[in-house]
$ cat work_34.txt   # compact mmCIF, C-alpha atoms
# COMPACT_ATOMS: atom_id res chain seq x y z
CA GLU A 163 -3.71 3.17 -17.85
CA PHE A 164 -3.58 0.50 -15.17
CA PRO A 165 -3.77 -3.22 -15.92
CA THR A 166 -7.13 -4.94 -15.96
CA ILE A 167 -7.26 -6.91 -12.75
CA GLU A 168 -9.94 -7.27 -10.14
CA ASN A 169 -10.34 -3.91 -8.47
CA GLN A 170 -10.92 -3.35 -4.77
CA LYS A 171 -14.70 -3.25 -5.08
CA ASP A 172 -14.83 -6.47 -7.12
CA LEU A 173 -12.46 -8.24 -4.74
CA CYS A 174 -14.59 -7.29 -1.74
CA LYS A 175 -17.71 -8.49 -3.58
CA LYS A 176 -15.97 -11.76 -4.47
CA TYR A 177 -15.18 -12.41 -0.80
CA ASN A 178 -18.59 -11.13 0.38
CA PHE A 179 -17.23 -8.06 2.19
CA GLN A 180 -19.03 -4.73 2.35
CA TYR A 181 -17.33 -2.07 0.24
CA TYR A 182 -17.67 1.66 0.85
CA ARG A 183 -15.94 4.48 -0.97
CA LYS A 184 -15.95 7.56 1.19
CA LYS A 185 -13.63 10.41 2.11
CA HIS A 186 -11.36 9.30 4.93
CA THR A 187 -12.26 12.45 6.87
CA ASP A 188 -16.00 11.60 7.10
CA LEU A 189 -15.93 10.38 10.71
CA ASP A 190 -19.73 10.41 11.18
CA PHE A 191 -20.41 8.21 8.12
CA ILE A 192 -17.59 5.80 8.95
CA GLN A 193 -18.73 5.52 12.57
CA LYS A 194 -22.31 4.72 11.48
CA ILE A 195 -21.07 2.00 9.10
CA VAL A 196 -18.76 0.48 11.74
CA ILE A 197 -21.62 0.30 14.27
CA LYS A 198 -24.25 -0.88 11.76
CA HIS A 199 -22.13 -3.77 10.45
CA LYS A 200 -20.18 -4.44 13.68
CA ILE A 201 -16.92 -3.99 11.77
CA ASN A 202 -13.78 -5.02 13.63
CA ILE A 203 -11.25 -4.86 10.79
CA GLY A 204 -10.77 -2.43 7.92
CA LEU A 205 -9.00 -2.77 4.59
CA ILE A 206 -7.90 0.51 3.08
CA THR A 207 -6.87 0.72 -0.55
CA GLY A 208 -5.91 4.34 -0.86
CA ALA A 209 -6.00 7.30 1.49
CA ARG A 210 -3.94 9.98 3.02
CA ILE A 211 -3.23 10.01 6.73
CA LEU A 212 -6.19 8.78 8.79
CA ASN A 213 -6.96 10.63 11.99
CA LYS A 214 -6.76 8.69 15.26
CA GLU A 215 -10.56 8.86 15.80
CA ILE A 216 -11.11 6.78 12.65
CA ILE A 217 -8.25 4.41 13.48
CA ASN A 218 -9.70 3.89 16.97
CA LEU A 219 -13.16 2.99 15.59
CA ILE A 220 -11.92 -0.34 14.24
CA SER A 221 -11.12 -2.69 17.13
CA PHE A 222 -8.82 -5.18 15.37
CA GLY A 223 -7.24 -2.62 13.03
CA ILE A 224 -7.08 -1.17 9.55
CA ILE A 225 -4.84 -2.84 6.98
CA ASN A 226 -2.94 -0.72 4.44
CA TYR A 227 -1.09 -1.76 1.26
CA HIS A 228 1.89 0.61 1.22
CA PRO A 229 3.77 1.08 -2.09
CA GLY A 230 7.26 0.76 -0.65
CA LYS A 231 9.47 -1.17 1.71
CA LEU A 232 8.83 -0.03 5.26
CA PRO A 233 10.42 1.47 7.28
CA TYR A 234 12.78 2.80 4.58
CA LEU A 235 10.10 4.36 2.40
CA ARG A 236 7.61 5.99 4.76
CA GLY A 237 5.19 8.70 3.68
CA LEU A 238 4.34 9.85 0.18
CA ASP A 239 6.31 9.67 -3.07
CA THR A 240 7.74 6.28 -2.10
CA PHE A 241 8.16 5.23 -5.73
CA TYR A 242 10.57 8.10 -6.36
CA TRP A 243 12.37 7.72 -3.03
CA MET A 244 12.88 4.03 -3.83
CA ILE A 245 14.83 5.05 -6.93
CA LYS A 246 16.70 7.86 -5.19
CA LYS A 247 17.73 5.65 -2.24
CA LYS A 248 18.40 2.59 -4.45
CA ILE A 249 16.00 0.41 -2.45
CA ASN A 250 14.56 -2.84 -3.77
CA PRO A 251 10.94 -2.41 -4.83
CA ALA A 252 8.28 -3.94 -2.60
CA ILE A 253 4.78 -3.55 -1.21
CA THR A 254 4.42 -3.57 2.57
CA VAL A 255 1.14 -4.70 4.08
CA HIS A 256 0.70 -3.29 7.58
CA PHE A 257 -1.79 -2.15 10.19
CA ILE A 258 -2.36 1.59 10.32
CA ASP A 259 -1.72 3.35 13.60
CA LYS A 260 -1.41 6.97 14.68
CA LYS A 261 2.25 7.07 13.56
CA ILE A 262 2.70 7.33 9.80
CA ASP A 263 3.62 3.95 8.28
CA LEU A 264 4.79 2.46 11.58
CA GLY A 265 1.91 0.09 12.42
CA GLN A 266 2.46 -3.65 12.79
CA LYS A 267 3.91 -5.19 9.60
CA ILE A 268 2.02 -8.15 8.10
CA LEU A 269 4.13 -8.90 5.01
CA ILE A 270 6.49 -7.49 2.43
CA LYS A 271 5.94 -8.56 -1.18
CA LYS A 272 8.99 -8.00 -3.37
CA ILE A 273 8.56 -6.69 -6.90
CA THR A 274 10.82 -7.87 -9.71
CA VAL A 275 12.45 -5.32 -12.01
CA TYR A 276 13.03 -6.35 -15.62
CA LYS A 277 15.42 -4.99 -18.22
CA SER A 278 12.49 -3.95 -20.42
CA ASP A 279 10.76 -2.00 -17.62
CA THR A 280 9.89 1.62 -18.01
CA ILE A 281 8.80 3.75 -15.09
CA ASN A 282 5.16 3.33 -16.16
CA LYS A 283 5.45 -0.46 -16.47
CA LEU A 284 6.93 -0.64 -13.00
CA LYS A 285 4.24 1.66 -11.56
CA LYS A 286 1.60 -0.66 -13.05
CA ARG A 287 3.33 -3.66 -11.46
CA PHE A 288 3.22 -1.85 -8.10
CA TYR A 289 -0.52 -1.32 -8.50
CA ARG A 290 -1.10 -4.92 -9.58
CA THR A 291 0.96 -6.20 -6.64
CA GLN A 292 -1.04 -4.08 -4.19
CA LEU A 293 -4.22 -5.68 -5.55
CA GLU A 294 -2.64 -9.15 -5.29
CA CYS A 295 -1.81 -8.41 -1.64
CA HIS A 296 -5.40 -7.24 -1.13
CA ARG A 297 -6.69 -10.51 -2.62
CA TYR A 298 -4.38 -12.50 -0.32
CA ILE A 299 -5.50 -10.62 2.82
CA CYS A 300 -9.17 -10.99 1.83
CA SER A 301 -8.70 -14.74 1.44
CA LEU A 302 -7.06 -14.98 4.88
CA LEU A 303 -9.91 -13.07 6.48
CA LYS A 304 -12.60 -14.99 4.62
CA ASN A 305 -11.06 -18.31 5.75
CA HIS A 306 -10.63 -17.06 9.34
CA LYS A 307 -6.86 -17.43 9.16
CA LYS A 308 -4.74 -15.69 11.76
CA ILE A 309 -2.85 -12.67 10.45
CA LYS A 310 0.70 -12.67 11.81
CA TYR A 311 2.51 -9.40 12.24
CA SER A 312 5.71 -7.84 13.55
CA LYS A 313 6.81 -4.39 14.67
CA ILE A 314 8.18 -1.87 12.17
CA LYS A 315 11.24 -0.03 13.42
CA PHE A 316 11.24 3.74 13.38
CA LEU A 317 12.95 5.70 10.61
CA ASN A 318 12.14 9.28 9.64
CA LYS A 319 9.51 9.57 6.94
CA ASN A 320 10.51 10.94 3.55
CA LYS A 321 9.45 14.43 2.56
CA THR A 322 6.95 15.01 -0.23
CA LEU A 323 8.68 15.88 -3.49
CA ASN A 324 7.85 18.71 -5.87
CA GLU A 325 7.64 18.09 -9.62
CA GLU A 326 11.22 19.24 -10.28
CA GLU A 327 12.59 16.85 -7.65
CA ARG A 328 10.52 13.98 -9.09
CA GLN A 329 11.88 14.69 -12.57
CA LEU A 330 15.47 14.61 -11.28
CA ILE A 331 14.80 11.22 -9.71
CA ILE A 332 13.11 9.93 -12.88
CA ASN A 333 16.38 10.73 -14.64
CA GLU A 334 18.08 8.33 -12.20
CA PHE A 335 15.70 5.49 -13.13
CA LYS A 336 17.98 3.88 -15.73
CA ALA A 337 20.93 3.65 -13.32
CA TRP A 338 18.68 2.33 -10.53
CA LYS A 339 17.12 -0.22 -12.88
CA SER A 340 20.55 -1.57 -13.88
CA ILE A 341 21.21 -2.32 -10.20
CA MET A 342 17.80 -3.90 -9.56
CA VAL A 343 17.15 -5.73 -12.85
CA LYS A 344 16.49 -9.47 -12.96
CA ASN A 345 16.88 -11.54 -16.09
CA GLU A 346 13.61 -11.76 -17.99
CA ILE A 347 12.12 -15.18 -18.52
$ encode --input "work_34.txt" --output "structure tokens"
Amino acid sequence: EFPTIENQKDLCKKYNFQYYRKKHTDLDFIQKIVIKHKINIGLITGARILNKEIINLISFGIINYHPGKLPYLRGLDTFYWMIKKKINPAITVHFIDKKIDLGQKILIKKITVYKSDTINKLKKRFYRTQLECHRYICSLLKNHKKIKYSKIKFLNKNKTLNEEERQLIINEFKAWKSIMVKNEI
């Protein structure tokens, strides 16, 4: 169960943005919405790889909240790769482009690890942090603030893990946590 925090739909409503939930492969619907509302920027809060036709519809770009530190944790299963590679937890906000997780980087929000964390607690904190990043980006857009960005360097994306591989990495969580842990307040 995820924490109760404003969800994507409520955040968009709060900032007076249109919100649509549609399959990311529905090019015709998305194109109609982009034209109807003269959309020049998109905020995506969960999808697989978007095809270039959809990416190209949005003139300014589509912003993604990636659950991992780019470019080190590209692709899927970033939570598990973070543990396996002993990488500090973070959310990367970036523009989507035709290369997977290599669009212009907007910000990286670090996530603190606590001694009392379990894998589920940390996963919830990832989700909450993604929503906090979404709130921040919405406030920038609503207040017509310029979004600064920088290039993400290229590293190979991580492969998708099977359940057995995920379980092996979960077993490494305690050792990873001892490296990453911060003192609790």
$ closest_residue --input "work_34.txt" --among "A:Thr322, A:Asn282, A:Ser301, A:Asn250" --to "Trp338 in chain A" --atoms "all atoms listed in the file"
A:Asn250
$ closest_atom_pairs --input "work_34.txt" --of "range 287-343 of chain A" --to "range 206-219 of chain A" --cutoff "9 Å" --atoms "all atoms listed in the file" --output "JSON lines"
{"residue": "A:Gln292", "atom": "CA", "partner": "A:Thr207", "partner_atom": "CA", "distance": 8.4}
{"residue": "A:Leu293", "atom": "CA", "partner": "A:Thr207", "partner_atom": "CA", "distance": 8.5}
{"residue": "A:His296", "atom": "CA", "partner": "A:Thr207", "partner_atom": "CA", "distance": 8.1}
$ atom_distance --input "work_34.txt" --atom1 "CA of Ile224 in chain A" --atom2 "CA of Arg287 in chain A"
23.6 Å
$ residues_around --input "work_34.txt" --residues "range 284-286 of chain A" --least-positions-apart "3" --cutoff "12 Å" --atoms "all atoms listed in the file" --output "count of residues only"
34
$ atom_distance --input "work_34.txt" --atom1 "CA of Leu189 in chain A" --atom2 "CA of Leu269 in chain A"
28.4 Å
$ residues_around --input "work_34.txt" --residues "Lys319 in chain A" --least-positions-apart "4" --cutoff "12 Å" --atoms "only C-alpha atoms" --output "list of chain:residue names"
A:Gly230, A:Lys231, A:Leu232, A:Pro233, A:Tyr234, A:Leu235, A:Arg236, A:Gly237, A:Leu238, A:Asp239, A:Thr240, A:Trp243, A:Lys261, A:Ile262, A:Asp263, A:Leu264, A:Lys315
$ closest_residue --input "work_34.txt" --among "A:Cys300, A:Ile249, A:Ile331, A:Ile220" --to "Gly204 in chain A" --atoms "all atoms listed in the file"
A:Ile220
$ atom_distance --input "work_34.txt" --atom1 "CA of Ile268 in chain A" --atom2 "CA of Asn226 in chain A"
9.7 Å
$ axis_aligned_box --input "work_34.txt" --around "range 329-343 of chain A" --padding-each-side "3 Å" --output "JSON"
{"center_x": 16.5, "center_y": 4.5, "center_z": -12.6, "size_x": 15.3, "size_y": 26.4, "size_z": 12.2}
$ residues_around --input "work_34.txt" --residues "range 173-183 of chain A" --least-positions-apart "2" --cutoff "7 Å" --atoms "only C-alpha atoms" --output "compact mmCIF listing (two decimals) with C-alpha atoms, in the frame of the given file"
# COMPACT_ATOMS: atom_id res chain seq x y z
CA GLU A 168 -9.94 -7.27 -10.14
CA ASN A 169 -10.34 -3.91 -8.47
CA GLN A 170 -10.92 -3.35 -4.77
CA LYS A 171 -14.70 -3.25 -5.08
CA ARG A 297 -6.69 -10.51 -2.62
CA CYS A 300 -9.17 -10.99 1.83
CA LYS A 304 -12.60 -14.99 4.62
$ build_atoms --input "work_34.txt" --residues "range 174-207 of chain A" --atoms "N, CA and C atoms" --output "PDB file, in the coordinates of the input"
ATOM      1  N   CYS A 174     -13.755  -7.236  -2.948  1.00  0.00           N
ATOM      2  CA  CYS A 174     -14.590  -7.290  -1.740  1.00  0.00           C
ATOM      3  C   CYS A 174     -15.896  -8.032  -2.035  1.00  0.00           C
ATOM      4  N   LYS A 175     -16.478  -7.791  -3.200  1.00  0.00           N
ATOM      5  CA  LYS A 175     -17.710  -8.490  -3.580  1.00  0.00           C
ATOM      6  C   LYS A 175     -17.449  -9.989  -3.686  1.00  0.00           C
ATOM      7  N   LYS A 176     -16.331 -10.352  -4.299  1.00  0.00           N
ATOM      8  CA  LYS A 176     -15.970 -11.760  -4.470  1.00  0.00           C
ATOM      9  C   LYS A 176     -15.879 -12.481  -3.128  1.00  0.00           C
ATOM     10  N   TYR A 177     -15.352 -11.796  -2.120  1.00  0.00           N
ATOM     11  CA  TYR A 177     -15.180 -12.410  -0.800  1.00  0.00           C
ATOM     12  C   TYR A 177     -16.326 -12.056   0.158  1.00  0.00           C
ATOM     13  N   ASN A 178     -17.394 -11.467  -0.381  1.00  0.00           N
ATOM     14  CA  ASN A 178     -18.590 -11.130   0.380  1.00  0.00           C
ATOM     15  C   ASN A 178     -18.321 -10.147   1.524  1.00  0.00           C
ATOM     16  N   PHE A 179     -17.494  -9.140   1.244  1.00  0.00           N
ATOM     17  CA  PHE A 179     -17.230  -8.060   2.190  1.00  0.00           C
ATOM     18  C   PHE A 179     -17.966  -6.811   1.734  1.00  0.00           C
ATOM     19  N   GLN A 180     -18.424  -6.017   2.676  1.00  0.00           N
ATOM     20  CA  GLN A 180     -19.030  -4.730   2.350  1.00  0.00           C
ATOM     21  C   GLN A 180     -17.936  -3.806   1.813  1.00  0.00           C
ATOM     22  N   TYR A 181     -18.275  -3.012   0.818  1.00  0.00           N
ATOM     23  CA  TYR A 181     -17.330  -2.070   0.240  1.00  0.00           C
ATOM     24  C   TYR A 181     -17.951  -0.686   0.267  1.00  0.00           C
ATOM     25  N   TYR A 182     -17.221   0.280   0.815  1.00  0.00           N
ATOM     26  CA  TYR A 182     -17.670   1.660   0.850  1.00  0.00           C
ATOM     27  C   TYR A 182     -16.553   2.544   0.333  1.00  0.00           C
ATOM     28  N   ARG A 183     -16.900   3.488  -0.486  1.00  0.00           N
ATOM     29  CA  ARG A 183     -15.940   4.480  -0.970  1.00  0.00           C
ATOM     30  C   ARG A 183     -16.383   5.817  -0.410  1.00  0.00           C
ATOM     31  N   LYS A 184     -15.586   6.348   0.493  1.00  0.00           N
ATOM     32  CA  LYS A 184     -15.950   7.560   1.190  1.00  0.00           C
ATOM     33  C   LYS A 184     -14.675   8.315   1.527  1.00  0.00           C
ATOM     34  N   LYS A 185     -14.790   9.630   1.682  1.00  0.00           N
ATOM     35  CA  LYS A 185     -13.630  10.410   2.110  1.00  0.00           C
ATOM     36  C   LYS A 185     -13.193   9.928   3.489  1.00  0.00           C
ATOM     37  N   HIS A 186     -11.900   9.815   3.664  1.00  0.00           N
ATOM     38  CA  HIS A 186     -11.360   9.300   4.930  1.00  0.00           C
ATOM     39  C   HIS A 186     -11.522  10.279   6.090  1.00  0.00           C
ATOM     40  N   THR A 187     -12.036  11.455   5.814  1.00  0.00           N
ATOM     41  CA  THR A 187     -12.260  12.450   6.870  1.00  0.00           C
ATOM     42  C   THR A 187     -13.716  12.444   7.358  1.00  0.00           C
ATOM     43  N   ASP A 188     -14.572  11.613   6.756  1.00  0.00           N
ATOM     44  CA  ASP A 188     -16.000  11.600   7.100  1.00  0.00           C
ATOM     45  C   ASP A 188     -16.238  10.683   8.307  1.00  0.00           C
ATOM     46  N   LEU A 189     -15.860  11.158   9.482  1.00  0.00           N
ATOM     47  CA  LEU A 189     -15.930  10.380  10.710  1.00  0.00           C
ATOM     48  C   LEU A 189     -17.355   9.911  11.012  1.00  0.00           C
ATOM     49  N   ASP A 190     -18.347  10.779  10.852  1.00  0.00           N
ATOM     50  CA  ASP A 190     -19.730  10.410  11.180  1.00  0.00           C
ATOM     51  C   ASP A 190     -20.212   9.230  10.325  1.00  0.00           C
ATOM     52  N   PHE A 191     -19.983   9.293   9.010  1.00  0.00           N
ATOM     53  CA  PHE A 191     -20.410   8.210   8.120  1.00  0.00           C
ATOM     54  C   PHE A 191     -19.681   6.916   8.479  1.00  0.00           C
ATOM     55  N   ILE A 192     -18.377   6.997   8.648  1.00  0.00           N
ATOM     56  CA  ILE A 192     -17.590   5.800   8.950  1.00  0.00           C
ATOM     57  C   ILE A 192     -18.030   5.188  10.274  1.00  0.00           C
ATOM     58  N   GLN A 193     -18.274   6.015  11.271  1.00  0.00           N
ATOM     59  CA  GLN A 193     -18.730   5.520  12.570  1.00  0.00           C
ATOM     60  C   GLN A 193     -20.078   4.801  12.453  1.00  0.00           C
ATOM     61  N   LYS A 194     -21.008   5.354  11.679  1.00  0.00           N
ATOM     62  CA  LYS A 194     -22.310   4.720  11.480  1.00  0.00           C
ATOM     63  C   LYS A 194     -22.155   3.346  10.818  1.00  0.00           C
ATOM     64  N   ILE A 195     -21.298   3.264   9.816  1.00  0.00           N
ATOM     65  CA  ILE A 195     -21.070   2.000   9.100  1.00  0.00           C
ATOM     66  C   ILE A 195     -20.429   0.971  10.031  1.00  0.00           C
ATOM     67  N   VAL A 196     -19.447   1.386  10.813  1.00  0.00           N
ATOM     68  CA  VAL A 196     -18.760   0.480  11.740  1.00  0.00           C
ATOM     69  C   VAL A 196     -19.765  -0.097  12.744  1.00  0.00           C
ATOM     70  N   ILE A 197     -20.622   0.750  13.283  1.00  0.00           N
ATOM     71  CA  ILE A 197     -21.620   0.300  14.270  1.00  0.00           C
ATOM     72  C   ILE A 197     -22.676  -0.586  13.600  1.00  0.00           C
ATOM     73  N   LYS A 198     -23.190  -0.134  12.463  1.00  0.00           N
ATOM     74  CA  LYS A 198     -24.250  -0.880  11.760  1.00  0.00           C
ATOM     75  C   LYS A 198     -23.814  -2.299  11.411  1.00  0.00           C
ATOM     76  N   HIS A 199     -22.597  -2.460  10.914  1.00  0.00           N
ATOM     77  CA  HIS A 199     -22.130  -3.770  10.450  1.00  0.00           C
ATOM     78  C   HIS A 199     -21.219  -4.476  11.468  1.00  0.00           C
ATOM     79  N   LYS A 200     -21.046  -3.861  12.639  1.00  0.00           N
ATOM     80  CA  LYS A 200     -20.180  -4.440  13.680  1.00  0.00           C
ATOM     81  C   LYS A 200     -18.798  -4.773  13.111  1.00  0.00           C
ATOM     82  N   ILE A 201     -18.212  -3.804  12.439  1.00  0.00           N
ATOM     83  CA  ILE A 201     -16.920  -3.990  11.770  1.00  0.00           C
ATOM     84  C   ILE A 201     -15.802  -3.972  12.799  1.00  0.00           C
ATOM     85  N   ASN A 202     -14.924  -4.985  12.715  1.00  0.00           N
ATOM     86  CA  ASN A 202     -13.780  -5.020  13.630  1.00  0.00           C
ATOM     87  C   ASN A 202     -12.446  -4.992  12.901  1.00  0.00           C
ATOM     88  N   ILE A 203     -12.485  -4.987  11.566  1.00  0.00           N
ATOM     89  CA  ILE A 203     -11.250  -4.860  10.790  1.00  0.00           C
ATOM     90  C   ILE A 203     -11.553  -4.063   9.522  1.00  0.00           C
ATOM     91  N   GLY A 204     -10.606  -3.226   9.132  1.00  0.00           N
ATOM     92  CA  GLY A 204     -10.770  -2.430   7.920  1.00  0.00           C
ATOM     93  C   GLY A 204      -9.656  -2.725   6.936  1.00  0.00           C
ATOM     94  N   LEU A 205      -9.985  -2.634   5.658  1.00  0.00           N
ATOM     95  CA  LEU A 205      -9.000  -2.770   4.590  1.00  0.00           C
ATOM     96  C   LEU A 205      -9.039  -1.476   3.808  1.00  0.00           C
ATOM     97  N   ILE A 206      -7.929  -0.787   3.759  1.00  0.00           N
ATOM     98  CA  ILE A 206      -7.900   0.510   3.080  1.00  0.00           C
ATOM     99  C   ILE A 206      -7.063   0.380   1.820  1.00  0.00           C
ATOM    100  N   THR A 207      -7.575   0.890   0.727  1.00  0.00           N
ATOM    101  CA  THR A 207      -6.870   0.720  -0.550  1.00  0.00           C
ATOM    102  C   THR A 207      -6.547   2.063  -1.182  1.00  0.00           C
TER     103      THR A 207
END
